[in-house]
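So this block is data.txt, compact mmCIF, C-alpha atoms and all ligand atoms:
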# COMPACT_ATOMS: atom_id res chain seq x y z
CA MET F 4 -11.09 25.11 13.28
CA SER F 5 -14.14 25.48 15.49
CA SER F 6 -16.62 22.99 16.83
CA GLU F 7 -19.56 24.78 15.12
CA ALA F 8 -18.60 22.96 11.92
CA PHE F 9 -19.99 19.72 13.35
CA ASP F 10 -23.68 19.38 12.54
CA PRO F 11 -25.06 16.24 14.22
CA SER F 12 -28.20 16.33 12.08
CA ARG F 13 -26.14 15.35 9.00
CA LEU F 14 -24.84 11.91 8.04
CA TRP F 15 -21.28 11.18 9.20
CA PHE F 16 -18.91 8.29 8.58
CA THR F 17 -17.03 7.52 11.79
CA GLU F 18 -14.07 5.19 12.16
CA MET F 19 -12.61 4.50 15.60
CA HIS F 20 -8.86 4.14 15.82
CA GLY F 21 -8.12 2.03 18.88
CA GLY F 22 -11.10 3.03 20.98
CA HIS F 23 -9.99 6.53 22.01
CA THR F 24 -9.56 8.51 18.80
CA GLY F 25 -10.89 8.28 15.29
CA LEU F 26 -11.83 9.92 12.03
CA ILE F 27 -15.12 11.43 10.96
CA ALA F 28 -16.13 12.49 7.49
CA ARG F 29 -19.40 14.07 6.40
CA VAL F 30 -21.30 11.86 3.99
CA ASP F 31 -23.40 13.42 1.24
CA GLY F 32 -24.50 10.10 -0.19
CA VAL F 33 -24.13 6.37 0.15
CA VAL F 34 -23.22 5.23 -3.36
CA GLU F 35 -23.14 1.52 -2.67
CA THR F 36 -23.06 -0.92 0.22
CA ALA F 37 -22.53 -4.64 -0.06
CA VAL F 38 -21.53 -7.56 2.09
CA SER F 39 -19.21 -9.93 0.25
CA ASP F 40 -18.08 -13.35 1.45
CA VAL F 41 -15.14 -11.57 3.08
CA GLN F 42 -16.27 -8.18 4.39
CA ARG F 43 -18.59 -5.19 4.30
CA ILE F 44 -17.88 -2.89 1.33
CA GLU F 45 -19.09 0.72 1.25
CA VAL F 46 -18.65 3.45 -1.33
CA LEU F 47 -19.47 6.86 0.09
CA GLU F 48 -19.67 10.33 -1.40
CA THR F 49 -17.92 12.70 1.00
CA PRO F 50 -17.34 16.44 0.53
CA GLY F 51 -14.01 16.21 2.36
CA PHE F 52 -12.36 13.22 0.67
CA GLY F 53 -14.43 12.80 -2.50
CA LYS F 54 -15.72 9.33 -3.30
CA ALA F 55 -14.33 6.95 -0.70
CA LEU F 56 -14.04 3.18 -0.33
CA ALA F 57 -14.42 1.61 3.11
CA LEU F 58 -13.86 -2.06 3.91
CA TYR F 59 -15.13 -3.50 7.22
CA GLY F 60 -15.82 0.10 8.31
CA SER F 61 -12.27 1.35 7.63
CA LEU F 62 -11.40 3.85 4.90
CA MET F 63 -9.05 2.33 2.34
CA ALA F 64 -8.99 4.77 -0.57
CA ALA F 65 -10.55 8.09 -1.54
CA GLU F 66 -10.37 9.92 -4.82
CA GLY F 67 -9.85 13.25 -3.00
CA ASP F 68 -6.86 12.06 -0.95
CA TYR F 69 -3.61 12.35 -2.85
CA ASP F 70 -2.58 8.91 -3.99
CA ALA F 71 0.33 8.87 -1.55
CA TYR F 72 -0.12 5.32 -0.29
CA ASN F 73 -0.30 3.66 -3.71
CA GLU F 74 2.48 5.73 -5.24
CA MET F 75 4.85 5.18 -2.33
CA LEU F 76 4.16 1.46 -2.12
CA ALA F 77 4.74 0.96 -5.87
CA HIS F 78 7.30 3.53 -7.03
CA VAL F 79 9.85 3.28 -4.22
CA PRO F 80 10.80 -0.36 -4.90
CA LEU F 81 10.27 -0.13 -8.65
CA PHE F 82 12.77 2.73 -8.98
CA VAL F 83 15.28 0.75 -6.89
CA HIS F 84 15.14 -2.68 -8.53
CA PRO F 85 17.12 -2.45 -11.82
CA ARG F 86 14.94 -4.97 -13.71
CA PRO F 87 11.50 -5.25 -12.07
CA ALA F 88 9.98 -7.50 -14.74
CA GLU F 89 7.82 -9.79 -12.59
CA VAL F 90 5.77 -8.00 -9.94
CA LEU F 91 3.23 -9.48 -7.51
CA ILE F 92 0.74 -7.49 -5.45
CA VAL F 93 -0.94 -9.33 -2.59
CA GLY F 94 -4.22 -7.60 -1.70
CA GLY F 95 -4.69 -4.27 -3.42
CA GLY F 96 -8.21 -4.90 -4.68
CA ASP F 97 -8.88 -1.21 -5.26
CA CYS F 98 -6.21 -1.54 -7.99
CA GLY F 99 -4.52 1.79 -7.19
CA CYS F 100 -1.17 0.16 -6.48
CA LEU F 101 -1.51 -1.99 -9.62
CA SER F 102 -2.09 1.12 -11.75
CA CYS F 103 0.96 2.85 -10.28
CA ALA F 104 3.18 -0.20 -10.79
CA LEU F 105 2.12 -0.50 -14.43
CA GLU F 106 3.44 3.02 -15.07
CA HIS F 107 6.88 1.36 -15.13
CA PRO F 108 7.74 0.07 -18.61
CA GLU F 109 10.22 -2.41 -17.07
CA VAL F 110 7.29 -4.37 -15.61
CA ALA F 111 6.58 -7.25 -17.98
CA ARG F 112 3.81 -8.81 -15.93
CA LEU F 113 1.86 -7.65 -12.91
CA THR F 114 0.01 -10.29 -10.91
CA LEU F 115 -2.62 -9.07 -8.45
CA CYS F 116 -3.69 -11.70 -5.91
CA GLU F 117 -6.78 -10.41 -4.11
CA ILE F 118 -9.02 -12.54 -1.90
CA ASP F 119 -12.22 -10.55 -2.55
CA PRO F 120 -13.42 -10.13 -6.16
CA GLU F 121 -16.20 -7.83 -4.94
CA VAL F 122 -13.65 -5.18 -4.00
CA VAL F 123 -12.21 -5.14 -7.52
CA ALA F 124 -15.73 -5.03 -8.96
CA ALA F 125 -16.68 -2.05 -6.76
CA ALA F 126 -13.43 -0.27 -7.64
CA ARG F 127 -14.11 -0.80 -11.37
CA ARG F 128 -17.58 0.69 -10.99
CA HIS F 129 -16.65 3.75 -8.94
CA PHE F 130 -12.92 4.55 -9.06
CA PRO F 131 -11.75 4.92 -12.68
CA ARG F 132 -8.45 6.59 -11.76
CA LEU F 133 -7.49 3.83 -9.35
CA THR F 134 -8.42 1.10 -11.83
CA ARG F 135 -6.90 2.72 -14.93
CA GLY F 136 -4.26 -0.03 -15.10
CA LEU F 137 -6.75 -2.87 -15.51
CA ALA F 138 -6.90 -2.33 -19.26
CA ASP F 139 -3.17 -2.98 -19.48
CA PRO F 140 -2.48 -6.44 -20.99
CA ARG F 141 0.38 -6.93 -18.52
CA ALA F 142 -2.13 -7.11 -15.65
CA ARG F 143 -3.15 -10.59 -14.44
CA LEU F 144 -5.76 -10.95 -11.69
CA THR F 145 -6.24 -13.97 -9.47
CA PHE F 146 -8.83 -14.13 -6.71
CA GLU F 147 -7.53 -16.27 -3.90
CA ASP F 148 -5.86 -16.17 -0.53
CA GLY F 149 -2.42 -14.56 -0.91
CA LYS F 150 -0.70 -16.91 1.51
CA ARG F 151 -1.97 -19.99 -0.26
CA PHE F 152 -1.12 -18.51 -3.68
CA LEU F 153 2.49 -17.90 -2.65
CA GLU F 154 2.84 -21.28 -0.96
CA ALA F 155 1.62 -23.07 -4.10
CA THR F 156 3.27 -21.09 -6.88
CA ALA F 157 6.50 -22.10 -8.58
CA GLU F 158 6.91 -18.57 -9.96
CA ARG F 159 9.64 -16.20 -8.83
CA PHE F 160 9.10 -12.43 -8.56
CA ASP F 161 11.45 -9.45 -8.68
CA VAL F 162 9.21 -7.29 -6.52
CA ILE F 163 6.40 -8.30 -4.16
CA LEU F 164 4.09 -5.63 -2.71
CA LEU F 165 1.89 -6.33 0.32
CA ASP F 166 -1.03 -3.96 -0.24
CA LEU F 167 -2.96 -5.29 2.72
CA SER F 168 -5.84 -4.09 4.82
CA ASP F 169 -5.33 -4.05 8.59
CA PRO F 170 -4.04 -7.14 10.43
CA VAL F 171 -7.50 -8.35 11.38
CA GLY F 172 -9.64 -11.17 9.95
CA PRO F 173 -8.21 -12.99 6.93
CA ALA F 174 -5.36 -10.47 6.53
CA ALA F 175 -3.91 -11.22 9.99
CA GLU F 176 -1.85 -14.22 8.87
CA LEU F 177 -0.25 -12.08 6.13
CA PHE F 178 1.58 -10.14 8.86
CA ASP F 179 3.18 -13.27 10.36
CA PRO F 180 6.84 -14.42 10.19
CA PRO F 181 6.12 -17.71 8.36
CA PHE F 182 4.55 -15.73 5.53
CA PHE F 183 7.62 -13.47 5.28
CA ALA F 184 9.82 -16.55 4.91
CA THR F 185 7.58 -17.81 2.10
CA ILE F 186 7.83 -14.42 0.38
CA ALA F 187 11.62 -14.40 0.64
CA ASP F 188 11.67 -17.82 -0.99
CA ARG F 189 9.48 -16.65 -3.91
CA LEU F 190 11.65 -13.58 -4.57
CA GLY F 191 14.62 -13.75 -6.91
CA ASP F 192 18.14 -13.42 -5.47
CA ASP F 193 17.92 -9.63 -5.73
CA GLY F 194 14.20 -9.38 -4.95
CA ILE F 195 12.48 -6.62 -3.03
CA LEU F 196 9.45 -6.81 -0.72
CA CYS F 197 7.56 -3.65 0.18
CA ALA F 198 4.76 -3.89 2.71
CA GLN F 199 2.29 -1.48 4.19
CA ALA F 200 3.31 -1.29 7.86
CA GLN F 201 0.46 0.52 9.66
CA SER F 202 0.40 3.81 11.52
CA PRO F 203 3.40 4.33 13.80
CA PHE F 204 1.35 6.72 15.93
CA ASN F 205 -1.71 4.50 16.32
CA ASN F 206 -0.12 1.06 16.22
CA PRO F 207 3.42 1.36 17.59
CA ALA F 208 3.49 -2.18 18.96
CA VAL F 209 2.37 -3.64 15.61
CA VAL F 210 4.97 -1.58 13.72
CA SER F 211 7.75 -2.56 16.11
CA ARG F 212 6.95 -6.27 15.95
CA LEU F 213 6.54 -6.23 12.19
CA PHE F 214 9.97 -4.71 11.58
CA ALA F 215 11.62 -7.05 14.10
CA ASP F 216 10.06 -10.04 12.30
CA LEU F 217 11.13 -8.76 8.86
CA ARG F 218 14.72 -8.28 10.06
CA ARG F 219 14.91 -11.99 10.86
CA VAL F 220 14.22 -12.76 7.17
CA PHE F 221 15.75 -9.96 5.07
CA PRO F 222 19.30 -8.51 5.22
CA VAL F 223 18.08 -5.02 4.25
CA VAL F 224 15.03 -3.63 6.08
CA GLU F 225 14.27 0.10 6.11
CA GLY F 226 11.16 2.02 7.13
CA TYR F 227 9.65 4.93 5.27
CA LEU F 228 6.60 7.15 5.70
CA CYS F 229 3.90 8.97 3.80
CA HIS F 230 1.07 11.30 4.70
CA MET F 231 -2.42 9.85 4.19
CA ALA F 232 -5.29 12.02 5.43
CA ILE F 233 -7.77 9.12 5.48
CA TYR F 234 -5.59 6.75 7.53
CA PRO F 235 -5.17 6.69 11.33
CA ALA F 236 -3.22 9.74 12.55
CA SER F 237 -2.66 10.63 8.85
CA ILE F 238 0.78 9.02 8.95
CA TRP F 239 1.55 5.68 7.37
CA ALA F 240 4.62 3.45 7.44
CA PHE F 241 6.03 1.06 4.87
CA ALA F 242 8.73 -1.57 5.14
CA PHE F 243 11.32 -1.81 2.35
CA CYS F 244 12.93 -5.27 2.53
CA SER F 245 15.52 -6.60 0.17
CA LYS F 246 18.04 -9.33 -0.35
CA ARG F 247 20.49 -6.92 -1.95
CA TYR F 248 19.40 -3.39 -2.81
CA HIS F 249 19.34 -0.36 -0.56
CA PRO F 250 16.40 2.05 -1.06
CA ILE F 251 18.56 5.19 -1.11
CA ARG F 252 21.95 4.06 -2.44
CA ASP F 253 20.36 2.02 -5.23
CA PHE F 254 17.61 4.51 -6.14
CA ASP F 255 17.85 4.99 -9.92
CA ARG F 256 17.38 8.74 -10.04
CA ASP F 257 18.37 8.90 -13.71
CA ARG F 258 15.59 6.49 -14.60
CA TYR F 259 13.19 8.54 -12.49
CA ARG F 260 14.17 11.71 -14.36
CA ARG F 261 13.64 10.03 -17.73
CA GLN F 262 10.22 8.59 -16.85
CA ALA F 263 8.67 10.98 -14.34
CA ALA F 264 7.02 13.38 -16.79
CA ALA F 265 5.00 10.57 -18.38
CA MET F 266 3.72 9.26 -15.05
CA ASP F 267 0.38 10.07 -13.41
CA ARG F 268 1.69 11.24 -10.00
CA LEU F 269 0.31 13.48 -7.25
CA TYR F 270 2.71 12.64 -4.39
CA TYR F 271 5.82 10.69 -5.39
CA ASN F 272 8.93 12.39 -6.76
CA ASP F 273 12.67 11.91 -6.33
CA GLU F 274 12.92 14.19 -3.29
CA VAL F 275 9.97 12.46 -1.62
CA HIS F 276 11.59 9.08 -2.35
CA LEU F 277 14.77 10.09 -0.53
CA GLY F 278 13.12 12.17 2.20
CA ALA F 279 10.59 9.47 3.15
CA PHE F 280 13.41 7.45 4.74
CA GLY F 281 14.30 10.31 7.09
CA LEU F 282 12.32 9.18 10.11
CA PRO F 283 11.18 11.07 13.20
CA GLU F 284 12.97 9.76 16.26
CA TYR F 285 9.94 7.94 17.69
CA VAL F 286 9.47 6.09 14.39
CA ARG F 287 13.17 5.30 14.07
CA ARG F 288 13.04 3.64 17.48
CA LEU F 289 10.09 1.51 16.38
CA VAL F 290 11.56 0.30 13.09
CA GLY F 291 15.23 0.10 14.05
CA GLY F 292 18.01 0.21 11.46
CA GLY F 293 19.02 3.44 9.79
CA ALA F 294 18.52 4.42 6.16
CA GLY F 295 21.80 6.28 5.59
N1 LIG G 301 -7.05 1.37 8.17
C1 LIG G 301 -6.51 1.63 6.90
C2 LIG G 301 -5.53 0.62 6.46
C3 LIG G 301 -5.07 0.85 5.08
C4 LIG G 301 -3.95 -0.04 4.67
N2 LIG G 301 -4.04 -0.58 3.40
C5 LIG G 301 -4.92 -0.05 2.47
C6 LIG G 301 -5.02 -0.89 1.28
C7 LIG G 301 -5.71 -0.18 0.18
N3 LIG G 301 -5.35 -0.71 -1.07
Please, can you express the file's structure as structure tokens?
Amino acid sequence: MSSEAFDPSRLWFTEMHGGHTGLIARVDGVVETAVSDVQRIEVLETPGFGKALALYGSLMAAEGDYDAYNEMLAHVPLFVHPRPAEVLIVGGGDCGCLSCALEHPEVARLTLCEIDPEVVAAARRHFPRLTRGLADPRARLTFEDGKRFLEATAERFDVILLDLSDPVGPAAELFDPPFFATIADRLGDDGILCAQAQSPFNNPAVVSRLFADLRRVFPVVEGYLCHMAIYPASIWAFAFCSKRYHPIRDFDRDRYRRQAAAMDRLYYNDEVHLGAFGLPEYVRRLVGGGAG
């Protein structure tokens, strides 16, 4: 890779990651920009990542990045829980995680609680693969604050997925211990929470605190990783939290083998499921525990 590839006369998307490093992507066209009640929304055409969605200046999804984030957030818990009938996604307005979760026939109803309807609208207009699940009659959308939804609801869920943007602005309180206690209360006795847990390279302090907070609420807490080229340092962590099930010992590999061929997957498979819990030493020290 040489520096001649950078042509400053062209249009570039730049995203700073903590003030010292960042990501740049050449932009061939600005498809759409909007400012919703919640945030700035941009859809960009990039030769490197394909069509990309940025919220508040941060890349969230791109059609040219393998769908690692959505597949790992949805499929890992859904192939562990034996009867994931009621599933809730908090956030996830691009609908990629929703579409992955609805690939599981065991899911009877999928509730997506997203604060910003404009994100879902932009995703519908520009990202047909991410939003393919919206036509599924099991999908139910509600546009409200996820914390308030969970505090008010009398429903109980088998699996809750926190498909959140970064812990800034309105999403910040969704990374706090009181919210985790509310989630634990709204899960069934064998419920599973999976949460996006930031970049262990870029945000080690956030990752460390998040896992420590989750361990105060859930008896089983394990970290796992995926590669995401559009996210800071290209490495992303998730927290698997459960009242009962272990992500490796209770992984239903037979169910995976029966269903995998019919699923629209680019990243997740049974070996990735198991291998994702094998953590580099620096990440293991941040998240604690041990998957074995
Ligand atoms: N800075 C990127 C953070 C991405 C984490 N969540 C993405 C949610 C997309 N559904």
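Considering all atoms listed in the file, the residue among F:Lys246, F:Gly226, F:Arg258, F:Asp267 positioned nearest to F:Leu289 is F:Gly226.
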Environment of ligand LIG 301 (chain G) within 8 Å, counting only C-alpha atoms and all ligand atoms, reported as a PyMOL selection string: chain F and resi 61-64+72-73+94-100+166-169+199+201+233-235
Pick out the residues sitting within 7 Å of stretch 270-276 of chain F, and hand them over as a PyMOL selection string; count all atoms listed in the file, and ignore anything fewer than 2 positions along from it in its own chain. chain F and resi 69-71+74-75+79+256+268+278-279
Near-F:Leu101 list (12 Å; all atoms listed in the file; drop same-chain fewer than 6 positions) as a JSON list (two decimals) with C-alpha atoms, keeping the file's coordinate frame:
[["chain", "number", "residue", "atom", "x", "y", "z"],
["F", 72, "TYR", "CA", -0.12, 5.32, -0.29],
["F", 73, "ASN", "CA", -0.30, 3.66, -3.71],
["F", 74, "GLU", "CA", 2.48, 5.73, -5.24],
["F", 76, "LEU", "CA", 4.16, 1.46, -2.12],
["F", 77, "ALA", "CA", 4.74, 0.96, -5.87],
["F", 78, "HIS", "CA", 7.30, 3.53, -7.03],
["F", 81, "LEU", "CA", 10.27, -0.13, -8.65],
["F", 90, "VAL", "CA", 5.77, -8.00, -9.94],
["F", 91, "LEU", "CA", 3.23, -9.48, -7.51],
["F", 92, "ILE", "CA", 0.74, -7.49, -5.45],
["F", 93, "VAL", "CA", -0.94, -9.33, -2.59],
["F", 94, "GLY", "CA", -4.22, -7.60, -1.70],
["F", 95, "GLY", "CA", -4.69, -4.27, -3.42],
["F", 107, "HIS", "CA", 6.88, 1.36, -15.13],
["F", 110, "VAL", "CA", 7.29, -4.37, -15.61],
["F", 112, "ARG", "CA", 3.81, -8.81, -15.93],
["F", 113, "LEU", "CA", 1.86, -7.65, -12.91],
["F", 114, "THR", "CA", 0.01, -10.29, -10.91],
["F", 115, "LEU", "CA", -2.62, -9.07, -8.45],
["F", 116, "CYS", "CA", -3.69, -11.70, -5.91],
["F", 117, "GLU", "CA", -6.78, -10.41, -4.11],
["F", 123, "VAL", "CA", -12.21, -5.14, -7.52],
["F", 132, "ARG", "CA", -8.45, 6.59, -11.76],
["F", 133, "LEU", "CA", -7.49, 3.83, -9.35],
["F", 134, "THR", "CA", -8.42, 1.10, -11.83],
["F", 135, "ARG", "CA", -6.90, 2.72, -14.93],
["F", 136, "GLY", "CA", -4.26, -0.03, -15.10],
["F", 137, "LEU", "CA", -6.75, -2.87, -15.51],
["F", 138, "ALA", "CA", -6.90, -2.33, -19.26],
["F", 139, "ASP", "CA", -3.17, -2.98, -19.48],
["F", 141, "ARG", "CA", 0.38, -6.93, -18.52],
["F", 142, "ALA", "CA", -2.13, -7.11, -15.65],
["F", 143, "ARG", "CA", -3.15, -10.59, -14.44],
["F", 144, "LEU", "CA", -5.76, -10.95, -11.69],
["F", 163, "ILE", "CA", 6.40, -8.30, -4.16],
["F", 164, "LEU", "CA", 4.09, -5.63, -2.71],
["F", 165, "LEU", "CA", 1.89, -6.33, 0.32],
["F", 166, "ASP", "CA", -1.03, -3.96, -0.24]]
Within 8 Å of stretch 174-185 of chain F, which residues of stretch 209-238 of chain F show up? Give each one with its shortest atom-to-atom distance in Å (one decimal) and the two atoms involved, counting only C-alpha atoms, rows by chain then rising residue number, as JSON lines.
{"residue": "F:Leu213", "atom": "CA", "partner": "F:Phe178", "partner_atom": "CA", "distance": 7.1}
{"residue": "F:Asp216", "atom": "CA", "partner": "F:Pro180", "partner_atom": "CA", "distance": 5.8}
{"residue": "F:Leu217", "atom": "CA", "partner": "F:Phe183", "partner_atom": "CA", "distance": 6.9}
{"residue": "F:Val220", "atom": "CA", "partner": "F:Ala184", "partner_atom": "CA", "distance": 6.2}
F:Gly292, F:Glu66, F:Ala55, F:Met266: which is nearest F:Leu105, counting all atoms listed in the file?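 Comparing F:Gly292, F:Glu66, F:Ala55, F:Met266 against F:Leu105, the winner is F:Met266.
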Would you compute the distance between atom CA of F:His249 and atom CA of F:Cys229? Give it in Å to one decimal. 18.6 Å
State, in Å with one decimal place, the distance from atom CA of F:Cys244 to atom CA of F:Pro170. 18.8 Å
At what distance in Å, to one decimal, does atom CA of F:Asp188 lie from atom CA of F:Arg212? 21.0 Å
Can you pull out every residue within 6 Å of F:Ala200, counting all atoms listed in the file, but drop anything in the same chain fewer than 2 positions away, and send it as a list in words?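 Neighbouring residues, sequence-local ones excluded: Ala198, Ala240 and Phe241 of chain F.
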With all atoms listed in the file counted, which protein, DNA or RNA residues have an atom no more than 6 Å from (14.3, -13.4, -9.1) in the file frame? Please answer as a list of chain:residue names.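 Residues lying no farther than 6 Å from the given point: F:Arg159, F:Phe160, F:Asp161, F:Leu190, F:Gly191, F:Asp192, F:Gly194.
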Do you know which residues are at most 10 Å from F:Ser211 counting all atoms listed in the file, after dropping those on the same chain fewer than 4 positions away, and could you put them as an mmCIF file with C-alpha atoms, in the coordinates of the input?
data_model
loop_
_atom_site.group_PDB
_atom_site.id
_atom_site.type_symbol
_atom_site.label_atom_id
_atom_site.label_comp_id
_atom_site.auth_asym_id
_atom_site.auth_seq_id
_atom_site.Cartn_x
_atom_site.Cartn_y
_atom_site.Cartn_z
ATOM 1 C CA ALA F 200 3.310 -1.290 7.860
ATOM 2 C CA PRO F 203 3.400 4.330 13.800
ATOM 3 C CA ASN F 206 -0.120 1.060 16.220
ATOM 4 C CA PRO F 207 3.420 1.360 17.590
ATOM 5 C CA ALA F 215 11.620 -7.050 14.100
ATOM 6 C CA ASP F 216 10.060 -10.040 12.300
ATOM 7 C CA VAL F 286 9.470 6.090 14.390
ATOM 8 C CA ARG F 287 13.170 5.300 14.070
ATOM 9 C CA ARG F 288 13.040 3.640 17.480
ATOM 10 C CA LEU F 289 10.090 1.510 16.380
ATOM 11 C CA VAL F 290 11.560 0.300 13.090
ATOM 12 C CA GLY F 291 15.230 0.100 14.050
#
